[in-house]
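**Q** If it helps, the file is called entry-v1.cif and holds mmCIF, C-alpha atoms and all ligand atoms:
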data_data
#
loop_
_atom_site.group_PDB
_atom_site.id
_atom_site.type_symbol
_atom_site.label_atom_id
_atom_site.label_comp_id
_atom_site.auth_asym_id
_atom_site.auth_seq_id
_atom_site.Cartn_x
_atom_site.Cartn_y
_atom_site.Cartn_z
ATOM 1 C CA MET S 5 -20.745 -14.465 10.094
ATOM 2 C CA ARG S 6 -21.493 -13.217 6.645
ATOM 3 C CA LYS S 7 -20.000 -14.821 3.609
ATOM 4 C CA ILE S 8 -20.138 -13.038 0.335
ATOM 5 C CA ALA S 9 -18.654 -14.511 -2.780
ATOM 6 C CA VAL S 10 -17.428 -11.789 -5.039
ATOM 7 C CA LEU S 11 -16.931 -12.713 -8.632
ATOM 8 C CA VAL S 12 -14.286 -10.848 -10.465
ATOM 9 C CA VAL S 13 -15.376 -8.775 -13.435
ATOM 10 C CA ALA S 14 -12.823 -9.667 -16.027
ATOM 11 C CA MET S 15 -10.607 -6.856 -17.111
ATOM 12 C CA VAL S 16 -13.158 -4.016 -16.948
ATOM 13 C CA TRP S 17 -10.885 -2.287 -14.468
ATOM 14 C CA LEU S 18 -7.975 -2.378 -16.798
ATOM 15 C CA ALA S 19 -9.192 0.333 -19.139
ATOM 16 C CA ALA S 20 -9.405 2.789 -16.241
ATOM 17 C CA ALA S 21 -6.312 1.588 -14.470
ATOM 18 C CA CYS S 22 -4.006 1.754 -17.421
ATOM 19 C CA ALA S 23 -3.194 5.250 -18.555
ATOM 20 C CA THR S 24 -2.602 5.903 -22.203
ATOM 21 C CA ASP S 25 0.506 7.776 -21.219
ATOM 22 C CA SER S 26 2.496 8.234 -18.056
ATOM 23 C CA SER S 27 2.220 11.537 -16.209
ATOM 24 C CA ASN S 28 5.715 11.200 -14.861
ATOM 25 C CA GLY S 29 6.757 8.864 -17.596
ATOM 26 C CA ALA S 30 9.475 10.836 -19.276
ATOM 27 C CA SER S 31 11.386 7.726 -18.369
ATOM 28 C CA GLY S 32 9.698 5.257 -20.657
ATOM 29 C CA THR S 33 7.347 4.293 -23.410
ATOM 30 C CA ALA S 34 3.981 2.675 -22.949
ATOM 31 C CA ASP S 35 5.326 -0.793 -23.558
ATOM 32 C CA THR S 36 8.559 -0.547 -21.651
ATOM 33 C CA ALA S 37 8.916 -0.864 -17.889
ATOM 34 C CA SER S 38 11.849 0.714 -16.145
ATOM 35 C CA ILE S 39 13.891 -0.627 -13.269
ATOM 36 C CA THR S 40 16.508 1.811 -12.116
ATOM 37 C CA THR S 41 19.009 0.875 -9.461
ATOM 38 C CA ILE S 42 20.706 3.670 -7.567
ATOM 39 C CA ASP S 43 23.922 3.221 -5.664
ATOM 40 C CA PRO S 44 23.235 4.825 -2.269
ATOM 41 C CA ALA S 45 26.922 5.228 -1.570
ATOM 42 C CA SER S 46 27.457 7.474 -4.568
ATOM 43 C CA THR S 47 24.120 9.239 -4.807
ATOM 44 C CA THR S 48 22.710 11.929 -2.577
ATOM 45 C CA THR S 49 20.125 13.359 -4.957
ATOM 46 C CA VAL S 50 17.693 11.096 -6.740
ATOM 47 C CA ASP S 51 15.919 12.006 -9.941
ATOM 48 C CA PRO S 52 12.201 11.517 -9.199
ATOM 49 C CA ALA S 53 11.770 10.086 -12.683
ATOM 50 C CA PRO S 54 14.939 8.065 -13.314
ATOM 51 C CA THR S 55 15.914 7.259 -16.834
ATOM 52 C CA THR S 56 14.691 4.017 -18.288
ATOM 53 C CA THR S 57 17.415 1.437 -18.473
ATOM 54 C CA GLY S 58 15.577 -1.556 -19.861
ATOM 55 C CA SER S 59 14.697 -2.105 -23.484
ATOM 56 C CA GLU S 60 12.786 -5.338 -23.204
ATOM 57 C CA ALA S 61 9.100 -4.972 -22.477
ATOM 58 C CA VAL S 62 8.089 -6.654 -19.243
ATOM 59 C CA GLY S 63 4.753 -7.118 -17.572
ATOM 60 C CA THR S 64 3.124 -8.023 -20.873
ATOM 61 C CA SER S 65 1.257 -11.050 -19.527
ATOM 62 C CA GLU S 66 -2.389 -10.638 -18.667
ATOM 63 C CA PRO S 67 -2.911 -10.349 -14.874
ATOM 64 C CA VAL S 68 -4.589 -13.330 -13.257
ATOM 65 C CA PRO S 69 -8.121 -12.508 -12.039
ATOM 66 C CA ARG S 70 -8.543 -13.342 -8.357
ATOM 67 C CA THR S 71 -11.673 -13.722 -6.239
ATOM 68 C CA ILE S 72 -12.490 -12.204 -2.854
ATOM 69 C CA THR S 73 -14.474 -14.161 -0.265
ATOM 70 C CA VAL S 74 -15.559 -12.196 2.787
ATOM 71 C CA ILE S 75 -14.959 -14.141 5.992
ATOM 72 C CA GLU S 76 -16.220 -11.541 8.451
ATOM 73 C CA VAL S 77 -17.362 -7.928 8.592
ATOM 74 C CA TYR S 78 -16.266 -5.680 11.477
ATOM 75 C CA ASP S 79 -17.066 -2.129 12.452
ATOM 76 C CA HIS S 80 -14.844 0.692 11.358
ATOM 77 C CA ASP S 81 -15.308 4.424 11.942
ATOM 78 C CA SER S 82 -14.993 7.587 9.849
ATOM 79 C CA ALA S 83 -11.195 7.545 9.769
ATOM 80 C CA TYR S 84 -9.752 8.668 6.432
ATOM 81 C CA THR S 85 -7.750 5.468 6.093
ATOM 82 C CA GLN S 86 -4.434 5.865 4.282
ATOM 83 C CA GLY S 87 -2.472 2.932 5.641
ATOM 84 C CA LEU S 88 -3.447 -0.386 7.234
ATOM 85 C CA GLU S 89 -1.207 -3.169 8.505
ATOM 86 C CA TRP S 90 -1.531 -6.272 10.685
ATOM 87 C CA ILE S 91 0.979 -6.369 13.547
ATOM 88 C CA ASP S 92 2.325 -9.901 14.060
ATOM 89 C CA ALA S 93 4.926 -9.478 16.797
ATOM 90 C CA GLY S 94 5.620 -7.657 20.030
ATOM 91 C CA ARG S 95 3.257 -5.939 22.449
ATOM 92 C CA TRP S 96 0.556 -5.345 19.828
ATOM 93 C CA ASN S 97 0.712 -8.753 18.186
ATOM 94 C CA GLY S 98 -2.673 -9.473 16.584
ATOM 95 C CA HIS S 99 -3.737 -5.845 16.283
ATOM 96 C CA LEU S 100 -4.140 -3.414 13.407
ATOM 97 C CA LEU S 101 -1.940 -0.405 12.721
ATOM 98 C CA GLU S 102 -3.865 2.344 10.928
ATOM 99 C CA SER S 103 -2.722 5.686 9.558
ATOM 100 C CA ALA S 104 -5.482 8.219 8.894
ATOM 101 C CA GLY S 105 -5.120 11.344 6.773
ATOM 102 C CA GLN S 106 -6.654 14.772 6.145
ATOM 103 C CA TYR S 107 -5.348 18.047 7.596
ATOM 104 C CA GLY S 108 -6.480 18.415 11.176
ATOM 105 C CA GLU S 109 -7.446 14.730 11.417
ATOM 106 C CA SER S 110 -4.181 12.940 10.741
ATOM 107 C CA ARG S 111 -3.138 10.318 13.240
ATOM 108 C CA LEU S 112 -1.558 6.937 13.775
ATOM 109 C CA ARG S 113 -3.297 4.353 15.921
ATOM 110 C CA ILE S 114 -3.319 0.713 16.956
ATOM 111 C CA TRP S 115 -6.575 -1.068 17.621
ATOM 112 C CA ASP S 116 -8.086 -4.525 17.965
ATOM 113 C CA PRO S 117 -10.772 -5.334 15.400
ATOM 114 C CA LEU S 118 -11.780 -8.384 17.427
ATOM 115 C CA GLY S 119 -12.076 -6.454 20.664
ATOM 116 C CA ALA S 120 -15.071 -4.306 19.792
ATOM 117 C CA PRO S 121 -17.323 -6.363 17.538
ATOM 118 C CA ASP S 122 -20.387 -4.199 18.151
ATOM 119 C CA GLY S 123 -18.943 -0.725 17.887
ATOM 120 C CA PRO S 124 -16.342 1.467 16.263
ATOM 121 C CA PRO S 125 -12.701 0.799 17.044
ATOM 122 C CA ALA S 126 -11.225 2.131 20.253
ATOM 123 C CA SER S 127 -7.563 2.989 19.898
ATOM 124 C CA LEU S 128 -5.273 1.197 22.318
ATOM 125 C CA VAL S 129 -2.561 3.723 21.545
ATOM 126 C CA GLU S 130 -2.730 6.742 19.263
ATOM 127 C CA THR S 131 -0.597 9.673 18.110
ATOM 128 C CA GLU S 132 -1.991 12.781 16.454
ATOM 129 C CA LEU S 133 -0.049 14.750 13.844
ATOM 130 C CA SER S 134 0.039 18.523 13.705
ATOM 131 C CA ASP S 135 -2.717 20.180 11.668
ATOM 132 C CA ASP S 136 -0.365 21.095 8.825
ATOM 133 C CA LEU S 137 0.451 17.459 8.082
ATOM 134 C CA PHE S 138 -1.554 14.957 6.029
ATOM 135 C CA ALA S 139 -0.703 11.409 7.087
ATOM 136 C CA GLU S 140 -0.329 8.659 4.506
ATOM 137 C CA GLY S 141 0.953 5.067 4.470
ATOM 138 C CA ALA S 142 2.513 3.376 7.490
ATOM 139 C CA THR S 143 4.362 0.133 8.180
ATOM 140 C CA VAL S 144 6.114 -1.711 10.995
ATOM 141 C CA VAL S 145 9.889 -2.188 10.831
ATOM 142 C CA GLY S 146 11.069 -4.229 13.812
ATOM 143 C CA ASP S 147 10.250 -2.226 16.938
ATOM 144 C CA ARG S 148 9.566 0.931 14.945
ATOM 145 C CA VAL S 149 6.700 2.283 12.822
ATOM 146 C CA TRP S 150 7.318 4.375 9.718
ATOM 147 C CA GLN S 151 4.661 6.815 8.522
ATOM 148 C CA LEU S 152 4.595 8.968 5.373
ATOM 149 C CA THR S 153 3.068 12.381 4.823
ATOM 150 C CA TRP S 154 1.417 13.343 1.552
ATOM 151 C CA LEU S 155 3.126 16.545 0.360
ATOM 152 C CA ALA S 156 5.462 17.509 3.187
ATOM 153 C CA GLY S 157 8.257 15.108 2.187
ATOM 154 C CA ARG S 158 8.602 14.056 5.827
ATOM 155 C CA ALA S 159 8.609 10.466 7.059
ATOM 156 C CA PHE S 160 8.158 9.924 10.788
ATOM 157 C CA VAL S 161 9.497 7.037 12.827
ATOM 158 C CA TYR S 162 7.753 5.960 16.036
ATOM 159 C CA ASP S 163 8.352 3.496 18.822
ATOM 160 C CA LEU S 164 5.995 0.588 18.093
ATOM 161 C CA ASP S 165 5.015 0.053 21.733
ATOM 162 C CA THR S 166 4.054 3.662 22.489
ATOM 163 C CA LEU S 167 3.802 5.401 19.086
ATOM 164 C CA GLU S 168 6.062 8.081 20.525
ATOM 165 C CA PRO S 169 8.036 9.784 17.721
ATOM 166 C CA VAL S 170 11.708 8.889 17.716
ATOM 167 C CA ASP S 171 13.080 10.037 14.360
ATOM 168 C CA GLU S 172 12.296 11.764 11.061
ATOM 169 C CA PHE S 173 13.598 11.611 7.476
ATOM 170 C CA ASP S 174 13.034 13.615 4.294
ATOM 171 C CA TYR S 175 12.257 12.241 0.845
ATOM 172 C CA GLU S 176 11.479 13.449 -2.654
ATOM 173 C CA SER S 177 8.132 13.298 -4.441
ATOM 174 C CA GLU S 178 4.859 12.587 -2.658
ATOM 175 C CA GLY S 179 4.125 10.039 0.034
ATOM 176 C CA TRP S 180 1.201 7.663 -0.540
ATOM 177 C CA GLY S 181 1.575 3.976 0.373
ATOM 178 C CA LEU S 182 4.284 2.268 2.414
ATOM 179 C CA CYS S 183 5.196 -1.332 3.252
ATOM 180 C CA LEU S 184 8.230 -3.435 4.159
ATOM 181 C CA LEU S 185 9.336 -6.131 1.724
ATOM 182 C CA ASP S 186 12.014 -8.305 3.276
ATOM 183 C CA ASP S 187 14.540 -5.645 4.310
ATOM 184 C CA VAL S 188 13.472 -2.780 2.035
ATOM 185 C CA LEU S 189 10.755 -0.160 2.460
ATOM 186 C CA VAL S 190 8.517 0.318 -0.572
ATOM 187 C CA ARG S 191 6.822 3.682 -1.171
ATOM 188 C CA SER S 192 4.216 4.774 -3.724
ATOM 189 C CA ASP S 193 3.760 8.413 -4.732
ATOM 190 C CA GLY S 194 0.457 8.347 -6.620
ATOM 191 C CA THR S 195 2.049 7.741 -10.008
ATOM 192 C CA ASP S 196 3.039 4.493 -11.727
ATOM 193 C CA ARG S 197 6.331 4.396 -9.807
ATOM 194 C CA LEU S 198 7.418 2.510 -6.681
ATOM 195 C CA TRP S 199 10.404 3.681 -4.663
ATOM 196 C CA PHE S 200 12.581 1.312 -2.637
ATOM 197 C CA HIS S 201 14.234 2.751 0.497
ATOM 198 C CA ARG S 202 16.749 1.478 3.030
ATOM 199 C CA PRO S 203 14.959 1.375 6.381
ATOM 200 C CA ASP S 204 17.920 2.630 8.385
ATOM 201 C CA ASP S 205 18.121 6.052 6.694
ATOM 202 C CA PHE S 206 15.348 6.030 4.045
ATOM 203 C CA GLU S 207 17.919 6.352 1.268
ATOM 204 C CA VAL S 208 16.482 5.418 -2.148
ATOM 205 C CA VAL S 209 18.110 2.256 -3.492
ATOM 206 C CA ALA S 210 15.907 1.573 -6.537
ATOM 207 C CA THR S 211 12.697 2.411 -8.323
ATOM 208 C CA VAL S 212 10.406 0.424 -10.584
ATOM 209 C CA GLN S 213 7.578 1.344 -12.922
ATOM 210 C CA VAL S 214 4.309 -0.572 -12.473
ATOM 211 C CA THR S 215 2.881 -1.974 -15.707
ATOM 212 C CA ALA S 216 0.015 -4.206 -16.743
ATOM 213 C CA GLU S 217 0.275 -5.906 -20.101
ATOM 214 C CA GLY S 218 3.151 -3.569 -20.868
ATOM 215 C CA ARG S 219 1.300 -0.347 -20.092
ATOM 216 C CA PRO S 220 1.859 1.941 -17.089
ATOM 217 C CA VAL S 221 -0.581 1.670 -14.203
ATOM 218 C CA GLU S 222 -1.045 5.077 -12.601
ATOM 219 C CA ALA S 223 -2.318 6.159 -9.177
ATOM 220 C CA ILE S 224 -0.756 3.364 -7.138
ATOM 221 C CA ASN S 225 -1.930 4.037 -3.592
ATOM 222 C CA GLU S 226 -1.988 2.023 -0.349
ATOM 223 C CA LEU S 227 0.513 -0.837 -0.348
ATOM 224 C CA GLU S 228 0.830 -4.200 1.326
ATOM 225 C CA CYS S 229 4.005 -6.249 1.009
ATOM 226 C CA VAL S 230 3.432 -10.012 1.053
ATOM 227 C CA PRO S 231 6.628 -12.075 1.125
ATOM 228 C CA GLY S 232 6.794 -15.212 -0.975
ATOM 229 C CA ALA S 233 7.069 -18.676 0.481
ATOM 230 C CA GLU S 234 10.828 -18.774 0.182
ATOM 231 C CA SER S 235 11.417 -15.208 1.284
ATOM 232 C CA GLU S 236 13.948 -14.441 3.988
ATOM 233 C CA ALA S 237 14.972 -11.257 5.748
ATOM 234 C CA SER S 238 17.635 -10.318 3.252
ATOM 235 C CA ARG S 239 16.765 -12.432 0.231
ATOM 236 C CA ARG S 240 13.968 -11.889 -2.237
ATOM 237 C CA SER S 241 11.653 -14.630 -3.374
ATOM 238 C CA ALA S 242 10.229 -14.895 -6.861
ATOM 239 C CA ASP S 243 6.841 -15.060 -5.153
ATOM 240 C CA ASP S 244 7.231 -11.746 -3.320
ATOM 241 C CA ARG S 245 4.358 -9.443 -4.182
ATOM 242 C CA ILE S 246 3.393 -5.860 -3.474
ATOM 243 C CA TRP S 247 -0.385 -5.566 -3.267
ATOM 244 C CA ALA S 248 -1.829 -2.129 -3.976
ATOM 245 C CA ASN S 249 -5.002 -0.111 -4.239
ATOM 246 C CA ILE S 250 -5.432 1.958 -7.372
ATOM 247 C CA TYR S 251 -6.674 5.384 -6.313
ATOM 248 C CA GLN S 252 -10.316 6.129 -7.139
ATOM 249 C CA SER S 253 -10.945 2.617 -8.309
ATOM 250 C CA ASN S 254 -12.168 -0.555 -6.664
ATOM 251 C CA SER S 255 -9.279 -2.533 -8.046
ATOM 252 C CA ILE S 256 -6.555 -4.220 -6.051
ATOM 253 C CA ILE S 257 -3.482 -5.461 -7.861
ATOM 254 C CA ALA S 258 -0.462 -7.595 -7.027
ATOM 255 C CA ILE S 259 2.883 -6.374 -8.377
ATOM 256 C CA ASP S 260 6.105 -8.290 -8.995
ATOM 257 C CA PRO S 261 8.648 -6.070 -7.206
ATOM 258 C CA GLU S 262 11.459 -7.048 -9.554
ATOM 259 C CA SER S 263 9.786 -6.212 -12.871
ATOM 260 C CA GLY S 264 6.943 -3.962 -11.762
ATOM 261 C CA ALA S 265 4.535 -6.197 -13.676
ATOM 262 C CA VAL S 266 1.001 -6.632 -12.387
ATOM 263 C CA THR S 267 0.566 -10.369 -11.894
ATOM 264 C CA ASP S 268 -2.853 -10.546 -10.234
ATOM 265 C CA MET S 269 -5.894 -8.347 -9.970
ATOM 266 C CA VAL S 270 -9.055 -8.259 -7.894
ATOM 267 C CA ASP S 271 -12.264 -6.322 -8.404
ATOM 268 C CA ALA S 272 -13.448 -5.327 -4.924
ATOM 269 C CA SER S 273 -16.479 -3.340 -6.098
ATOM 270 C CA ALA S 274 -18.861 -5.511 -4.102
ATOM 271 C CA LEU S 275 -17.226 -4.346 -0.860
ATOM 272 C CA VAL S 276 -17.996 -0.644 -1.384
ATOM 273 C CA PRO S 277 -20.602 0.497 1.173
ATOM 274 C CA PRO S 278 -23.980 1.613 -0.202
ATOM 275 C CA GLY S 279 -23.940 5.229 -1.319
ATOM 276 C CA PHE S 280 -20.164 5.437 -1.485
ATOM 277 C CA GLU S 281 -19.824 4.521 -5.158
ATOM 278 C CA GLY S 282 -18.288 7.370 -7.121
ATOM 279 C CA ASP S 283 -17.392 9.399 -4.022
ATOM 280 C CA THR S 284 -13.702 10.179 -4.469
ATOM 281 C CA ASP S 285 -13.257 10.831 -0.754
ATOM 282 C CA ARG S 286 -14.703 7.455 0.225
ATOM 283 C CA VAL S 287 -12.747 5.089 -1.965
ATOM 284 C CA LEU S 288 -11.309 1.680 -1.234
ATOM 285 C CA ASN S 289 -8.010 2.234 0.592
ATOM 286 C CA GLY S 290 -6.428 -0.016 3.159
ATOM 287 C CA ILE S 291 -4.879 -3.439 2.686
ATOM 288 C CA ALA S 292 -3.385 -5.474 5.508
ATOM 289 C CA TYR S 293 -2.117 -9.055 5.238
ATOM 290 C CA GLN S 294 -2.273 -11.383 8.238
ATOM 291 C CA PRO S 295 0.574 -13.886 7.847
ATOM 292 C CA ASP S 296 -0.678 -16.626 10.179
ATOM 293 C CA THR S 297 -4.043 -16.931 8.423
ATOM 294 C CA GLY S 298 -3.072 -15.812 4.931
ATOM 295 C CA ARG S 299 -6.104 -13.527 4.948
ATOM 296 C CA PHE S 300 -6.385 -9.831 4.145
ATOM 297 C CA TRP S 301 -8.096 -6.978 5.979
ATOM 298 C CA LEU S 302 -9.669 -4.371 3.717
ATOM 299 C CA THR S 303 -11.371 -1.042 4.303
ATOM 300 C CA GLY S 304 -11.673 2.396 2.717
ATOM 301 C CA LYS S 305 -11.632 6.090 3.430
ATOM 302 C CA ARG S 306 -14.422 6.807 5.925
ATOM 303 C CA TRP S 307 -15.846 3.321 5.433
ATOM 304 C CA PRO S 308 -17.977 2.175 8.400
ATOM 305 C CA VAL S 309 -16.872 -1.412 7.804
ATOM 306 C CA LEU S 310 -13.675 -3.430 7.845
ATOM 307 C CA TYR S 311 -13.557 -6.741 5.975
ATOM 308 C CA GLU S 312 -11.579 -9.867 6.755
ATOM 309 C CA VAL S 313 -11.257 -11.632 3.412
ATOM 310 C CA GLU S 314 -9.597 -14.429 1.543
ATOM 311 C CA ILE S 315 -8.212 -13.773 -1.907
ATOM 312 C CA ASP S 316 -8.105 -16.919 -4.033
HETATM 313 CA CA CA X 401 -0.929 -1.849 4.065
#
Written as structure tokens, that's how I'd like the structure from this file.

**A**
Amino acid sequence: MRKIAVLVVAMVWLAAACATDSSNGASGTADTASITTIDPASTTTVDPAPTTTGSEAVGTSEPVPRTITVIEVYDHDSAYTQGLEWIDAGRWNGHLLESAGQYGESRLRIWDPLGAPDGPPASLVETELSDDLFAEGATVVGDRVWQLTWLAGRAFVYDLDTLEPVDEFDYESEGWGLCLLDDVLVRSDGTDRLWFHRPDDFEVVATVQVTAEGRPVEAINELECVPGAESEASRRSADDRIWANIYQSNSIIAIDPESGAVTDMVDASALVPPGFEGDTDRVLNGIAYQPDTGRFWLTGKRWPVLYEVEID
């Protein structure tokens, strides 16, 4: 077992993570976060950049630096990881769900990181996508799995036991990360915006702009929803957080889903495999939270390793 203490480099990431302006930010100013609630019963078309409704700057507090401690290192393979999640119920309890991207390589699979300690992961069940689709984030919702595609605007729903496709929904904007927070699906689209969807029909119910110290944080990528201590199926907790990779950086952030404010940040630079630094196709991407241990599983695009870590 290898243990590596990773000290956080204070705030260096922030200059890169925080854009000076927002590429889709017609909705707001640099010091104003937007939370837009959309009534699904009265709305069929959703503006991809809803109008800012708030006037009070939020997310102005400095994010708390957090530290990663590696508990164990496991083998991974050359999968272009776009989504990673720990399954904690049902037939695949204690296994990893992984969505891998790229045209001609896209797939969804379930595997056991503990089952093959000396070799690359062998899928216990796997579904390939057609060559014209680029898979993105994925998450478990009850006995179903939801999976996004990058540009196609198509979300696929699978049976969790078999990964057989059972349904499909359309959405606006791009598909990047996906996770389930209490009873709402959260989607990123590569900008500073998070979209909240009803899981029964993928209707958009709200959006929020991600900000750090009052400034937009662009390129939000893979997501991991971590319910707070008091969270219940249909009730939010003040401690609910959405953890996220920032594309082409080694930073991981925690986001308050209500305000969009970044509350915590981690520099994971020390986890990047040798030779991968600066390679935009081999960046950190993949966050899974294991509820019974409170630990995270981290990997990246084409990374040969998968880390089990504690974030303190
Ligand atoms: Ca995830």

**Q** Taking all atoms listed in the file into account, which residues are within 12 Å of ligand CA 401 (chain X), as an NGL selection string?

**A** :S and (85-91 or 100-103 or 140-144 or 150-151 or 180-185 or 189-192 or 225-230 or 246-249 or 256 or 289-294 or 300-304)

**Q** For C-alpha atoms, I'd like the residues from the last selection saved as a PDB file, keeping the file's coordinate frame.

**A**
ATOM      1  CA  THR S  85      -7.750   5.468   6.093  1.00  0.00           C
ATOM      2  CA  GLN S  86      -4.434   5.865   4.282  1.00  0.00           C
ATOM      3  CA  GLY S  87      -2.472   2.932   5.641  1.00  0.00           C
ATOM      4  CA  LEU S  88      -3.447  -0.386   7.234  1.00  0.00           C
ATOM      5  CA  GLU S  89      -1.207  -3.169   8.505  1.00  0.00           C
ATOM      6  CA  TRP S  90      -1.531  -6.272  10.685  1.00  0.00           C
ATOM      7  CA  ILE S  91       0.979  -6.369  13.547  1.00  0.00           C
ATOM      8  CA  LEU S 100      -4.140  -3.414  13.407  1.00  0.00           C
ATOM      9  CA  LEU S 101      -1.940  -0.405  12.721  1.00  0.00           C
ATOM     10  CA  GLU S 102      -3.865   2.344  10.928  1.00  0.00           C
ATOM     11  CA  SER S 103      -2.722   5.686   9.558  1.00  0.00           C
ATOM     12  CA  GLU S 140      -0.329   8.659   4.506  1.00  0.00           C
ATOM     13  CA  GLY S 141       0.953   5.067   4.470  1.00  0.00           C
ATOM     14  CA  ALA S 142       2.513   3.376   7.490  1.00  0.00           C
ATOM     15  CA  THR S 143       4.362   0.133   8.180  1.00  0.00           C
ATOM     16  CA  VAL S 144       6.114  -1.711  10.995  1.00  0.00           C
ATOM     17  CA  TRP S 150       7.318   4.375   9.718  1.00  0.00           C
ATOM     18  CA  GLN S 151       4.661   6.815   8.522  1.00  0.00           C
ATOM     19  CA  TRP S 180       1.201   7.663  -0.540  1.00  0.00           C
ATOM     20  CA  GLY S 181       1.575   3.976   0.373  1.00  0.00           C
ATOM     21  CA  LEU S 182       4.284   2.268   2.414  1.00  0.00           C
ATOM     22  CA  CYS S 183       5.196  -1.332   3.252  1.00  0.00           C
ATOM     23  CA  LEU S 184       8.230  -3.435   4.159  1.00  0.00           C
ATOM     24  CA  LEU S 185       9.336  -6.131   1.724  1.00  0.00           C
ATOM     25  CA  LEU S 189      10.755  -0.160   2.460  1.00  0.00           C
ATOM     26  CA  VAL S 190       8.517   0.318  -0.572  1.00  0.00           C
ATOM     27  CA  ARG S 191       6.822   3.682  -1.171  1.00  0.00           C
ATOM     28  CA  SER S 192       4.216   4.774  -3.724  1.00  0.00           C
ATOM     29  CA  ASN S 225      -1.930   4.037  -3.592  1.00  0.00           C
ATOM     30  CA  GLU S 226      -1.988   2.023  -0.349  1.00  0.00           C
ATOM     31  CA  LEU S 227       0.513  -0.837  -0.348  1.00  0.00           C
ATOM     32  CA  GLU S 228       0.830  -4.200   1.326  1.00  0.00           C
ATOM     33  CA  CYS S 229       4.005  -6.249   1.009  1.00  0.00           C
ATOM     34  CA  VAL S 230       3.432 -10.012   1.053  1.00  0.00           C
ATOM     35  CA  ILE S 246       3.393  -5.860  -3.474  1.00  0.00           C
ATOM     36  CA  TRP S 247      -0.385  -5.566  -3.267  1.00  0.00           C
ATOM     37  CA  ALA S 248      -1.829  -2.129  -3.976  1.00  0.00           C
ATOM     38  CA  ASN S 249      -5.002  -0.111  -4.239  1.00  0.00           C
ATOM     39  CA  ILE S 256      -6.555  -4.220  -6.051  1.00  0.00           C
ATOM     40  CA  ASN S 289      -8.010   2.234   0.592  1.00  0.00           C
ATOM     41  CA  GLY S 290      -6.428  -0.016   3.159  1.00  0.00           C
ATOM     42  CA  ILE S 291      -4.879  -3.439   2.686  1.00  0.00           C
ATOM     43  CA  ALA S 292      -3.385  -5.474   5.508  1.00  0.00           C
ATOM     44  CA  TYR S 293      -2.117  -9.055   5.238  1.00  0.00           C
ATOM     45  CA  GLN S 294      -2.273 -11.383   8.238  1.00  0.00           C
ATOM     46  CA  PHE S 300      -6.385  -9.831   4.145  1.00  0.00           C
ATOM     47  CA  TRP S 301      -8.096  -6.978   5.979  1.00  0.00           C
ATOM     48  CA  LEU S 302      -9.669  -4.371   3.717  1.00  0.00           C
ATOM     49  CA  THR S 303     -11.371  -1.042   4.303  1.00  0.00           C
ATOM     50  CA  GLY S 304     -11.673   2.396   2.717  1.00  0.00           C
TER      51      GLY S 304
END

**Q** Using all atoms listed in the file, which of the listed residues (S:Thr284, S:Thr166, S:Ser263, S:Ser255) sits closest to S:Thr71?

**A**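 The answer is S:Ser255, which sits nearest to S:Thr71.
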
**Q** For the file shown, what are the residues hit by the PyMOL selection byres (((chain S and resi 165) around 12) and not hetatm), laid out as a list in words?

**A**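 This file, filtered by the PyMOL selection byres (((chain S and resi 165) around 12) and not hetatm), leaves Ile91, Ala93, Gly94, Arg95, Trp96, Asn97, His99, Leu101, Arg113, Ile114, Leu128, Val129, Glu130, Thr131, Val144, Gly146, Asp147, Arg148, Val149, Tyr162, Asp163, Leu164, Thr166, Leu167, Glu168, Pro169 and Val170 of chain S.
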
**Q** Using all atoms listed in the file, pick whichever of S:Asp205, S:Gly98, S:Val212, S:Asp243 has the shortest atom-to-atom distance to S:Thr267.

**A** S:Asp243

**Q** On this structure, the PyMOL selection byres (((chain S and resi 111) around 6) and not hetatm) would catch which residues? List them as a PyMOL selection string, sorted by chain and number.

**A** chain S and resi 103-104+110+112+131-133

**Q** At a cut-off of 9 Å around the point (-13.7, -6.7, 5.6) (file coordinates), what residues fall inside when counting only C-alpha atoms? I'd like the answer as a list in words.

**A** Val74, Ile75, Glu76, Val77, Tyr78, Asp79, Leu275, Phe300, Trp301, Leu302, Thr303, Val309, Leu310, Tyr311, Glu312 and Val313 of chain S

**Q** State, in Å with one decimal place, the distance from atom CA of S:Ile72 to atom CA of S:Asp92.

**A**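 Computing it gives 22.6 Å between the two atoms.
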
**Q** When you count all atoms listed in the file, which of these residues is closest to S:Arg70: S:Glu281, S:Arg299, S:Asp268, S:Gly157?

**A**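 Result for the nearest residue to S:Arg70: S:Asp268.
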
**Q** Please identify all polymer residues within 10 Å of S:Ala156, counting all atoms listed in the file, omitting same-chain residues fewer than 4 positions from it, and present them as a list in words.

**A**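 Contacts, with the query itself left out: Asp136, Leu137, Phe138, Ala139, Leu152, Asp174, Tyr175, Glu176, Ser177, Glu178 and Gly179 of chain S.
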
**Q** Please, could you write that set of residues out with C-alpha atoms as a PDB file, in the coordinates of the input?

**A**
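The new file again_29.pdb reads:
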ATOM      1  CA  ASP S 136      -0.365  21.095   8.825  1.00  0.00           C
ATOM      2  CA  LEU S 137       0.451  17.459   8.082  1.00  0.00           C
ATOM      3  CA  PHE S 138      -1.554  14.957   6.029  1.00  0.00           C
ATOM      4  CA  ALA S 139      -0.703  11.409   7.087  1.00  0.00           C
ATOM      5  CA  LEU S 152       4.595   8.968   5.373  1.00  0.00           C
ATOM      6  CA  ASP S 174      13.034  13.615   4.294  1.00  0.00           C
ATOM      7  CA  TYR S 175      12.257  12.241   0.845  1.00  0.00           C
ATOM      8  CA  GLU S 176      11.479  13.449  -2.654  1.00  0.00           C
ATOM      9  CA  SER S 177       8.132  13.298  -4.441  1.00  0.00           C
ATOM     10  CA  GLU S 178       4.859  12.587  -2.658  1.00  0.00           C
ATOM     11  CA  GLY S 179       4.125  10.039   0.034  1.00  0.00           C
TER      12      GLY S 179
END
